[in-house]
Structure formats: structure tokens, C-alpha cells
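Structure first, then comments.
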Amino acid sequence: MAKLARDVQHNGYQALYEPAVSTAVTTVTSTEIMSESIHEALHLGTPFISVAKRGGSSLSQHRLSWFTGNNKARGLDGRALPDIAGWAIEQPDLDETGLPEDYELYDAMALLVQRGLAAECVVLHPDDSGKPRPVRYWAMPQLGLFVVCEGVPSKQEMLRDPAERWGVAYAWPQGRSSELHLIAFSKELMDAGYCYPLSVKFSSYCTDRALACLKAHERVLNVADKFREEAGEHIGAAYYAYALPIGVSPRSITAGKDAGKTKEIYYPFPVVPRQIDLQYLSSVAISRDQALLLEEDGRVERTVAWSVEKSRRIMAGNEASEVNDEDHPF
């Protein structure tokens, strides 16, 4: 069982997040729009007989990973950094994909880096031979998540009934580690222009902590519904009506039982104030356009069905974790 290590402070990962020097942004001025070259470039006044249609995303969803403070990291300049803790997204290779979604992700992350909400770094992963394999990431100490679900049953309810899933997949197979999988949009990334879902996985010692974060969000919903009732709205808000801010735990816990094989890990922690007021609700509320995008094409209903099937497969042992983590409902 994990125990609280109150004497273990943060390992200094916060040093990653220094506000970046702002860079120039290219814009088109009204004077330039009047030039002939701009008219040609933008086909202004050209009467096309059709408009280009755009299909769904061409990519698998990007993984929003959680690091527990046990992965070696370094800066892009090669300098050593504290072990990474918190959220991270692996940087896609634009030379390999060249897809619109990846360019949008780079643009949105550039804004977060400028605002000091994210940092670029290299995380060293061991390869099959045990040698460190450098992978470039954007690291973030905190993100607000619009979790695509109808709610989250209690742990006991989910253990009792494998079909009791409302959009978040959860399973604890006998003799194996527990797993929790969810689909979410990041408020910070949506506000910066990246409006695609991310897949998230927690396992082992972080699973119960992630569940606690999801249940903590119910307190926000309870307060919001009370305000809505007073305003004449008698239908409760959606689970994703408000972003759930999740950051790094203020203390670590000890993972493992065998002597010499334990490690200190930082876990997901809900960054929700004790006093929830209208000002806080406004700061984490999903916009109408963002809600419409999240809900389009039956996304919530499809995620609920996926969470039931995903949980069933994990319990049955039909999931090879690293192979099938990328499956998602849409």
C-alpha cells in the first residue's frame, strides 16, 4: 500500500516552466489585403462552383501522458533537468506526418510555452536494450480537462458491475495492475486553437488518485447545479461543462513494497479551490462552441459504449497494454 511521504518535497521540476520570450507573429494587414498578390493568393472574388469538404482527423489521438517524477529529462540545449513530473505530450514528427492537426498542435503549444504554461524538453526512455532513447515532449505541470463522459461511478460500483461505465474505462484484473482510461479535451489547448481529443491512461498507484480527481469534480458540479437551480435552470450541467484542473501532487507517495525496489512518485491532484464561487466556475466553464464540438457526431454516447468494452477487454486479459492503448471511440 502506498504511504504518504510528507518529508519528500517536489524535485524541482518547476524549473522547466519559465515564461518564454515572445516571438513575432505574422499577420495580414488590411493594406496588404488590397494588393493584387494577396487577391491572387486568397482567390478573392473567384466564383468557385464547390467548397472543399474536410473529413475527420487523419491521426490516432495524441496521448496525454502522466509522468511521476521518475524519468530523466534534459533541455533542448542538452542541459540536465530534474526528473519530469506532470503532464506531457510527445511532439509529432512533422516530416513524417505533415498533417493539419499536428501543425495546429505545434501552434497551440507554442502559445502555451510563451505563456509559461508548458516547456519543451527531452525525456529519456529506455529502449529494448536498456539504453536511453531521447524523445521530445511538451511538459505541463497542470491542465484543465473537459472529460468526455456522463459521469464516473464509484470504484466499488465499477468493481461490482463491469458494465457500470459512463465514459471512463476502469478495470483491475486479478494479479495485474489497475488501469483507468479516458478521453478528454484540454481547456488550455482548445483556447489556444487545438480542438482535438486526447487519450489519457493511468495505472497502478496513480489509478485511485486519478479516480479521486474525477470524483472531486462532482463537488464543482454540485455547486454549479445549485446556482443553476436558483437561476431557474432545473436540468443539471454536463460533466464536461467545466474543466477539471489536474496538477502535480504536493507530496509524493512510496510505490512498491519490496526493500530496495520502492520509488517515490508524484500523482495527479485536483486543483479545485475549497470555496467554489461563480468567478471560479466562469474561469473553467466550457464555451458554447467548445461544447458543440465536443458533443458532435454522438461523441459522448460513443465514448460511453467504448468505456464498457474497453473495461471488459482489460478484465478479460485481451489487451496488450502498449499495443492497444491507442484505441479510442472516434
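All residue names refer to the C-alpha cells as shown: chains lettered A, B, ... in order, residues numbered from 1 in each chain, ligands numbered from 1 in order.
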
Write down as a PyMOL selection string the residues of region 115-328 of chain A whose backbone DSSP state falls under alpha helix (DSSP H).
chain A and resi 155-160+187-191+205-230+278-284+288-295+299-316+321-324

Fewer than 4 positions away in the same chain doesn't count, so skip those; otherwise give me all residues within 9 Å of region 273-276 of chain A, counting only C-alpha atoms, as number ranges by chain.
A: 219-220, 223-224, 280-281

Same residues, C-alpha atoms, saved as a short mmCIF file (atom, residue, chain, number, x, y, z; two decimals), in the first residue's frame:
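Written output follows (selection-v1.cif):
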```cif
data_model
loop_
_atom_site.label_atom_id
_atom_site.label_comp_id
_atom_site.auth_asym_id
_atom_site.auth_seq_id
_atom_site.Cartn_x
_atom_site.Cartn_y
_atom_site.Cartn_z
CA ARG A 219 -18.27 18.94 -5.94
CA VAL A 220 -17.90 21.58 -8.66
CA VAL A 223 -22.27 23.86 -6.67
CA ALA A 224 -22.94 24.74 -10.31
CA TYR A 280 -14.23 30.10 -10.36
CA LEU A 281 -17.00 28.46 -12.39
#
```

Which residues come within 12 Å of Glu295 (chain A), counting only C-alpha atoms, excluding same-chain residues fewer than 5 positions away, as a VMD selection string?
chain A and resid 146 to 150 184 to 185 196 to 197 238 to 241 286 288 to 290 300 to 303 330

Using only C-alpha atoms, which residues sit within 12 Å of region 154-171 of chain A once same-chain residues fewer than 3 positions away are excluded, as a ChimeraX atom specification?
/A:147-151,174-184,199-204,207-216,218,239-240,299-317,319,325,327-329

What is the CA of Val152 (chain A)-CA of Glu90 (chain A) distance in Å, reported with one decimal?
27.6 Å

Between CA of Ile253 (chain A) and CA of Gln142 (chain A), what is the distance, to one decimal in Å?
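Going from CA of Ile253 (chain A) over to CA of Gln142 (chain A), I get 18.7 Å.
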
Residue nearest Leu145 (chain A) among A:Pro245, A:Pro126, A:Gly78, A:Gly260 (counting only C-alpha atoms)
A:Pro245

Which of region 82-289 of chain A DSSP labels strand (DSSP E or B), written as number ranges by chain:
A: 82-90, 119-126, 132-140, 142-147, 169-171, 179-186, 198-203, 242, 244-248, 252-255, 263-265, 268-270, 285

Minimum-distance residue to Leu292 (chain A), chosen among A:Leu221, A:Ala73, A:Ile265, A:Cys195 (using only C-alpha atoms)
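Comparing A:Leu221, A:Ala73, A:Ile265, A:Cys195 against Leu292 (chain A), the winner is A:Cys195.
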
Which residue out of A:Leu99, A:Tyr267, A:Gly69, A:Ala118 has the minimum interatomic distance to Leu81 (chain A) when only C-alpha atoms are used?
A:Gly69

I'd like the interatomic distance between CA of Asp77 (chain A) and CA of Val122 (chain A), to a tenth of an Å.
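Interatomic distance here is 9.5 Å.
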
Using only C-alpha atoms, which residue out of A:Glu188, A:Asp277, A:Asp297, A:Glu233 lies closest to Arg115 (chain A)?
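Distance minimum relative to Arg115 (chain A) lands on A:Glu188.
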
Which of A:Lys72, A:Arg133, A:His62, A:Lys187 sits closest to Ala85 (chain A) [using only C-alpha atoms]:
A:Lys72
